[in-house]
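Student: Below is the structure I would like to discuss, written out as structure tokens.
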Amino acid sequence: MMSVFSFRDTRRSGASQLICMLLSVSLAVEIVGYKPVIIVHGLFDSSKELVDLTRLIKKSHPGTNVTVIDLFDYEASLKPMWEQVQGFKQAVLPILHKAVDGVHLICFSQGGLVCRGIVSTLPDHNIHSFISLSAPQGGQYGDTEYLKRAIPKFIKAHLYKFCYHYPGQKVAICNYWKDPHHIDQYVKGNTFLAVLNSERLNPSAAFWKKNFLRIKKLVLIGGPDDGVITPWQSSHFGFYDENEDVVEMKDQDVYVKDVFGLKTLDGRGDLVVCVFSGVKHTSWHANETVYHGCIDKWLT
Ligand SMILES: *[C@@H]1O[C@H](CO)[C@@H](O)[C@H](O)[C@H]1NC(C)=O
Ligand SMILES: *[C@@H]1O[C@H](CO)[C@@H](O)[C@H](O)[C@H]1NC(C)=O
């Protein structure tokens, strides 16, 4: 009954409506034209673990080209961080080149540090939002299920002995393992985080900072119930002092001395910090409250 009615009622205007609709659809695609989104997974993950996030993006921003880079999956995610930075960079480059209006990067957990490596070392990039989703940006010092899988009989107080000497730095976790009781050895032995932070001499620091500052927004997401990132404030560049008290980002040297651009970004109004409670580490990328609260709006 409905279809008969509408057929008789609007035959001609139906056609013009259709043209209007087609016009506005193509206009919408051109005007809105969501930037492509690239997702980088975390430790012991693969692209499969991020289908929920892809679904959320496509639902709120239809037509977005979302690429979850499928590299260094599962056990291969233990490969050294610089090797992963190189590998992911090669995969990301053709997407950046094709994207005239730039892209957004969402990087989960260890992937957040991979992305930091990419953003720091890639000149003239067109990455707009860099969304760091529960990533140990400040370092990691915690006894978690993840680490037990990687390093059996792991004891956090002793891991520095392995991590800060050959061949420890050949394992990704050691590249951001930061033992607050052995900072000297961390600075001497760590070849990744300590370099990104200029805690040990980085001759390219000024160049890396310039690259890093090309991003339009740095979005840091984390929360107290994460259970893996330790301390959880590391997701916002906070970290333990030698008494294992947490020093917040704004009191960290990397911020105060604006080592790689955090303070500049903040001054520009381009540093976004989001805290969510009640989210376990493996739930971040599937949580709609998190997505709508702190991811969605940075993907336009
Ligand atoms: C999505 O982006 C990738 C990488 O740039 C490209 O190869 C692919 O053709 C794009 N897909 C669509 C539907 O535009
Ligand atoms: C999703 O995030 C909200 C907001 O922080 C939290 O209350 C809720 O427990 C989370 N749900 C899951 C399944 O992680």
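All residue names refer to the structure tokens as shown: chains lettered A, B, ... in order, residues numbered from 1 in each chain, ligands numbered from 1 in order.
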Grab me every residue within 10 Å of ligand 1, counting only C-alpha atoms and all ligand atoms, and send it over as number ranges by chain.
Tutor: A: 36-38, 63-67, 91-99, 103
Student: Kindly export the residues of the current selection with N, CA, C and O atoms, as a JSON list (two decimals), in the first residue's frame.
Tutor:
[["chain", "number", "residue", "atom", "x", "y", "z"],
["A", 36, "PRO", "N", 41.85, 9.41, 5.38],
["A", 36, "PRO", "CA", 42.11, 8.00, 5.67],
["A", 36, "PRO", "C", 42.66, 7.83, 7.09],
["A", 36, "PRO", "O", 43.32, 8.73, 7.60],
["A", 37, "VAL", "N", 42.34, 6.71, 7.68],
["A", 37, "VAL", "CA", 42.84, 6.41, 9.03],
["A", 37, "VAL", "C", 43.74, 5.18, 8.97],
["A", 37, "VAL", "O", 43.39, 4.18, 8.32],
["A", 38, "ILE", "N", 44.88, 5.28, 9.60],
["A", 38, "ILE", "CA", 45.81, 4.14, 9.66],
["A", 38, "ILE", "C", 45.89, 3.70, 11.11],
["A", 38, "ILE", "O", 46.04, 4.53, 12.02],
["A", 63, "GLY", "N", 32.44, 5.79, 4.74],
["A", 63, "GLY", "CA", 33.28, 6.07, 3.59],
["A", 63, "GLY", "C", 34.76, 6.26, 3.94],
["A", 63, "GLY", "O", 35.58, 6.39, 3.05],
["A", 64, "THR", "N", 35.06, 6.29, 5.23],
["A", 64, "THR", "CA", 36.48, 6.45, 5.62],
["A", 64, "THR", "C", 37.27, 5.22, 5.18],
["A", 64, "THR", "O", 36.84, 4.09, 5.38],
["A", 65, "ASN", "N", 38.42, 5.49, 4.58],
["A", 65, "ASN", "CA", 39.32, 4.40, 4.22],
["A", 65, "ASN", "C", 40.20, 4.08, 5.43],
["A", 65, "ASN", "O", 41.09, 4.85, 5.78],
["A", 66, "VAL", "N", 39.92, 2.97, 6.07],
["A", 66, "VAL", "CA", 40.65, 2.58, 7.28],
["A", 66, "VAL", "C", 41.60, 1.44, 6.92],
["A", 66, "VAL", "O", 41.18, 0.42, 6.39],
["A", 67, "THR", "N", 42.87, 1.61, 7.22],
["A", 67, "THR", "CA", 43.85, 0.54, 6.98],
["A", 67, "THR", "C", 44.45, 0.12, 8.32],
["A", 67, "THR", "O", 45.01, 0.95, 9.03],
["A", 91, "ALA", "N", 55.15, 0.56, 5.17],
["A", 91, "ALA", "CA", 53.75, 0.24, 4.86],
["A", 91, "ALA", "C", 52.88, 1.50, 4.84],
["A", 91, "ALA", "O", 51.90, 1.58, 4.09],
["A", 92, "VAL", "N", 53.24, 2.47, 5.66],
["A", 92, "VAL", "CA", 52.43, 3.67, 5.81],
["A", 92, "VAL", "C", 52.70, 4.68, 4.69],
["A", 92, "VAL", "O", 51.80, 5.38, 4.23],
["A", 93, "LEU", "N", 53.94, 4.72, 4.22],
["A", 93, "LEU", "CA", 54.36, 5.74, 3.25],
["A", 93, "LEU", "C", 53.47, 5.83, 2.01],
["A", 93, "LEU", "O", 53.04, 6.94, 1.65],
["A", 94, "PRO", "N", 53.18, 4.71, 1.33],
["A", 94, "PRO", "CA", 52.33, 4.83, 0.13],
["A", 94, "PRO", "C", 50.96, 5.40, 0.44],
["A", 94, "PRO", "O", 50.38, 6.12, -0.39],
["A", 95, "ILE", "N", 50.43, 5.13, 1.63],
["A", 95, "ILE", "CA", 49.12, 5.67, 2.02],
["A", 95, "ILE", "C", 49.25, 7.19, 2.22],
["A", 95, "ILE", "O", 48.39, 7.96, 1.77],
["A", 96, "LEU", "N", 50.32, 7.62, 2.85],
["A", 96, "LEU", "CA", 50.54, 9.06, 3.06],
["A", 96, "LEU", "C", 50.66, 9.78, 1.72],
["A", 96, "LEU", "O", 50.12, 10.87, 1.53],
["A", 97, "HIS", "N", 51.40, 9.14, 0.80],
["A", 97, "HIS", "CA", 51.62, 9.80, -0.49],
["A", 97, "HIS", "C", 50.32, 9.99, -1.27],
["A", 97, "HIS", "O", 50.13, 10.97, -1.95],
["A", 98, "LYS", "N", 49.42, 9.01, -1.13],
["A", 98, "LYS", "CA", 48.17, 9.08, -1.88],
["A", 98, "LYS", "C", 47.17, 10.05, -1.25],
["A", 98, "LYS", "O", 46.27, 10.54, -1.93],
["A", 99, "ALA", "N", 47.33, 10.31, 0.04],
["A", 99, "ALA", "CA", 46.32, 11.09, 0.77],
["A", 99, "ALA", "C", 46.64, 12.58, 0.68],
["A", 99, "ALA", "O", 47.41, 13.11, 1.48],
["A", 103, "VAL", "N", 46.40, 12.18, 6.68],
["A", 103, "VAL", "CA", 45.79, 11.00, 7.29],
["A", 103, "VAL", "C", 45.78, 11.17, 8.82],
["A", 103, "VAL", "O", 46.41, 12.08, 9.35]]
Student: Considering only C-alpha atoms and all ligand atoms, tabulate each residue of chain A that lies at most 8 Å from ligand 2 along with its nearest interatomic pair and the corresponding distance in Å to one decimal; arrange the rows by chain and ascending residue number and present them as CSV.
Tutor:
residue,atom,partner,partner_atom_place_in_ligand_line,distance
A:Val275,CA,ligand 2,5 (O),7.7
A:Phe276,CA,ligand 2,5 (O),4.0
A:Ser277,CA,ligand 2,5 (O),4.4
A:Gly278,CA,ligand 2,9 (O),4.0
A:Val279,CA,ligand 2,14 (O),4.1
A:Lys280,CA,ligand 2,14 (O),5.9
A:Ser283,CA,ligand 2,14 (O),5.1
A:Trp284,CA,ligand 2,14 (O),6.7
A:Ala286,CA,ligand 2,14 (O),7.6
A:Asn287,CA,ligand 2,1 (C),4.8
A:Glu288,CA,ligand 2,1 (C),6.5
A:Thr289,CA,ligand 2,2 (O),5.0
A:Val290,CA,ligand 2,2 (O),5.6
Student: Can you check which residues of region 92-165 of chain A DSSP gives as strand (DSSP E) on the backbone and send them as a list in words?
Tutor: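 Assigned to strand (DSSP E), within region 92-165 of chain A: Val103, His104, Leu105, Ile106, Cys107, Phe108, Ile127, His128, Ser129, Phe130, Ile131, Ser132 and Leu133 of chain A.
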Student: Take the selection from the previous step and output its residues with C-alpha atoms, as a compact mmCIF listing (two decimals), in the first residue's frame.
Tutor:
# COMPACT_ATOMS: atom_id res chain seq x y z
CA VAL A 103 45.79 11.00 7.29
CA HIS A 104 45.10 10.20 10.92
CA LEU A 105 47.04 7.66 12.93
CA ILE A 106 45.58 5.57 15.76
CA CYS A 107 48.19 3.51 17.54
CA PHE A 108 47.42 1.06 20.27
CA ILE A 127 49.88 12.98 9.62
CA HIS A 128 47.21 15.13 11.23
CA SER A 129 45.90 13.49 14.41
CA PHE A 130 48.23 11.12 16.22
CA ILE A 131 46.03 9.20 18.63
CA SER A 132 48.00 7.24 21.18
CA LEU A 133 45.62 4.69 22.68
Student: Just the alpha helix (DSSP H) stuff from region 130-246 of chain A, please, per backbone DSSP, written as a tab-separated table (two decimals) with N, CA, C and O atoms, in the first residue's frame.
Tutor:
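Contents of result.tsv, freshly written:
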chain	number	residue	atom	x	y	z
A	145	GLU	N	50.67	-9.75	32.66
A	145	GLU	CA	50.49	-11.00	31.95
A	145	GLU	C	51.27	-11.02	30.64
A	145	GLU	O	51.86	-12.02	30.27
A	146	TYR	N	51.24	-9.88	29.97
A	146	TYR	CA	51.95	-9.77	28.69
A	146	TYR	C	53.42	-10.10	28.87
A	146	TYR	O	54.02	-10.85	28.12
A	147	LEU	N	54.00	-9.50	29.90
A	147	LEU	CA	55.44	-9.67	30.10
A	147	LEU	C	55.76	-11.09	30.53
A	147	LEU	O	56.79	-11.64	30.16
A	148	LYS	N	54.88	-11.69	31.26
A	148	LYS	CA	55.12	-13.07	31.69
A	148	LYS	C	55.15	-14.01	30.49
A	148	LYS	O	55.88	-14.99	30.48
A	149	ARG	N	54.33	-13.68	29.49
A	149	ARG	CA	54.34	-14.50	28.28
A	149	ARG	C	55.65	-14.34	27.53
A	149	ARG	O	56.17	-15.28	26.95
A	150	ALA	N	56.17	-13.12	27.53
A	150	ALA	CA	57.38	-12.85	26.77
A	150	ALA	C	58.62	-13.33	27.50
A	150	ALA	O	59.54	-13.86	26.91
A	159	LEU	N	64.64	-7.40	35.78
A	159	LEU	CA	64.61	-7.41	34.31
A	159	LEU	C	65.65	-6.47	33.69
A	159	LEU	O	66.14	-6.71	32.60
A	160	TYR	N	66.00	-5.42	34.43
A	160	TYR	CA	66.98	-4.46	33.88
A	160	TYR	C	68.28	-5.15	33.50
A	160	TYR	O	68.95	-4.74	32.56
A	161	LYS	N	68.64	-6.19	34.26
A	161	LYS	CA	69.92	-6.87	33.98
A	161	LYS	C	69.91	-7.47	32.59
A	161	LYS	O	70.91	-7.49	31.90
A	162	PHE	N	68.75	-7.98	32.20
A	162	PHE	CA	68.61	-8.53	30.84
A	162	PHE	C	68.43	-7.40	29.82
A	162	PHE	O	69.10	-7.37	28.79
A	163	CYS	N	67.53	-6.48	30.17
A	163	CYS	CA	67.11	-5.48	29.17
A	163	CYS	C	68.23	-4.53	28.75
A	163	CYS	O	68.31	-4.17	27.59
A	172	ALA	N	61.45	-6.10	21.93
A	172	ALA	CA	60.70	-4.84	21.94
A	172	ALA	C	60.44	-4.32	23.35
A	172	ALA	O	60.66	-3.13	23.63
A	173	ILE	N	59.99	-5.18	24.24
A	173	ILE	CA	59.64	-4.73	25.59
A	173	ILE	C	60.80	-4.00	26.26
A	173	ILE	O	60.62	-2.99	26.94
A	174	CYS	N	62.01	-4.50	26.03
A	174	CYS	CA	63.19	-3.88	26.64
A	174	CYS	C	63.46	-2.49	26.07
A	174	CYS	O	64.11	-1.67	26.70
A	175	ASN	N	62.97	-2.25	24.87
A	175	ASN	CA	63.18	-0.95	24.22
A	175	ASN	C	62.41	0.17	24.92
A	175	ASN	O	62.66	1.35	24.66
A	183	ILE	N	68.15	3.99	36.48
A	183	ILE	CA	68.05	4.93	35.37
A	183	ILE	C	69.39	5.08	34.64
A	183	ILE	O	69.41	5.21	33.41
A	184	ASP	N	70.48	5.04	35.35
A	184	ASP	CA	71.79	5.17	34.68
A	184	ASP	C	71.98	4.07	33.65
A	184	ASP	O	72.43	4.32	32.54
A	185	GLN	N	71.62	2.87	34.06
A	185	GLN	CA	71.80	1.74	33.13
A	185	GLN	C	70.80	1.81	31.98
A	185	GLN	O	71.12	1.44	30.85
A	186	TYR	N	69.62	2.31	32.28
A	186	TYR	CA	68.62	2.52	31.22
A	186	TYR	C	69.16	3.50	30.19
A	186	TYR	O	69.13	3.25	28.98
A	187	VAL	N	69.69	4.61	30.66
A	187	VAL	CA	70.18	5.63	29.74
A	187	VAL	C	71.34	5.08	28.90
A	187	VAL	O	71.42	5.32	27.70
A	188	LYS	N	72.21	4.31	29.54
A	188	LYS	CA	73.36	3.76	28.82
A	188	LYS	C	72.96	2.64	27.87
A	188	LYS	O	73.50	2.52	26.77
A	189	GLY	N	71.99	1.83	28.31
A	189	GLY	CA	71.72	0.60	27.56
A	189	GLY	C	70.52	0.66	26.61
A	189	GLY	O	70.42	-0.12	25.68
A	193	LEU	N	63.61	4.18	23.61
A	193	LEU	CA	62.90	5.24	24.34
A	193	LEU	C	63.85	6.34	24.82
A	193	LEU	O	63.54	7.53	24.72
A	194	ALA	N	65.02	5.92	25.30
A	194	ALA	CA	65.99	6.91	25.81
A	194	ALA	C	66.48	7.82	24.70
A	194	ALA	O	66.87	8.96	24.95
A	195	VAL	N	66.44	7.31	23.46
A	195	VAL	CA	66.85	8.14	22.31
A	195	VAL	C	65.69	9.07	21.92
A	195	VAL	O	65.88	10.27	21.74
A	196	LEU	N	64.49	8.52	21.83
A	196	LEU	CA	63.31	9.35	21.51
A	196	LEU	C	63.18	10.51	22.51
A	196	LEU	O	62.77	11.61	22.15
A	205	ALA	N	68.01	15.10	17.35
A	205	ALA	CA	66.89	15.54	18.19
A	205	ALA	C	66.12	16.72	17.59
A	205	ALA	O	64.88	16.72	17.59
A	206	ALA	N	66.84	17.71	17.08
A	206	ALA	CA	66.15	18.91	16.56
A	206	ALA	C	65.30	18.57	15.34
A	206	ALA	O	64.17	19.04	15.20
A	207	PHE	N	65.86	17.73	14.47
A	207	PHE	CA	65.16	17.29	13.27
A	207	PHE	C	63.91	16.47	13.64
A	207	PHE	O	62.82	16.70	13.11
A	208	TRP	N	64.06	15.57	14.59
A	208	TRP	CA	62.94	14.74	15.04
A	208	TRP	C	61.83	15.59	15.64
A	208	TRP	O	60.64	15.33	15.45
A	209	LYS	N	62.23	16.61	16.38
A	209	LYS	CA	61.24	17.48	17.02
A	209	LYS	C	60.44	18.23	15.94
A	209	LYS	O	59.21	18.34	16.03
A	210	LYS	N	61.14	18.68	14.93
A	210	LYS	CA	60.47	19.39	13.83
A	210	LYS	C	59.46	18.45	13.16
A	210	LYS	O	58.32	18.84	12.88
A	211	ASN	N	59.87	17.23	12.92
A	211	ASN	CA	58.97	16.24	12.31
A	211	ASN	C	57.76	15.99	13.21
A	211	ASN	O	56.61	15.94	12.74
A	212	PHE	N	58.03	15.81	14.49
A	212	PHE	CA	56.97	15.51	15.46
A	212	PHE	C	55.95	16.65	15.49
A	212	PHE	O	54.74	16.42	15.54
Student: With only C-alpha atoms counted and 12 Å as the cut-off, give the residues of region 90-189 of chain A in contact with region 245-253 of chain A, each with its shortest interatomic distance in Å and the pair that gives it, as a Markdown table.
Tutor:
| residue | atom | partner | partner_atom | distance |
| --- | --- | --- | --- | --- |
| A:Gln137 | CA | A:Met249 | CA | 10.2 |
| A:Gly138 | CA | A:Met249 | CA | 8.4 |
| A:Gly139 | CA | A:Val246 | CA | 12.0 |
| A:Tyr141 | CA | A:Val246 | CA | 11.6 |
| A:Pro180 | CA | A:Asp245 | CA | 9.9 |
| A:His181 | CA | A:Asp245 | CA | 11.8 |
Student: Any chance you can output those residues with C-alpha atoms as a CSV table (one decimal), in the first residue's frame?
Tutor:
chain,number,residue,atom,x,y,z
A,137,GLN,CA,54.8,6.6,26.1
A,138,GLY,CA,56.5,7.3,29.5
A,139,GLY,CA,58.0,3.8,29.7
A,141,TYR,CA,57.8,-0.8,34.7
A,180,PRO,CA,63.3,3.8,37.9
A,181,HIS,CA,65.8,2.3,40.2
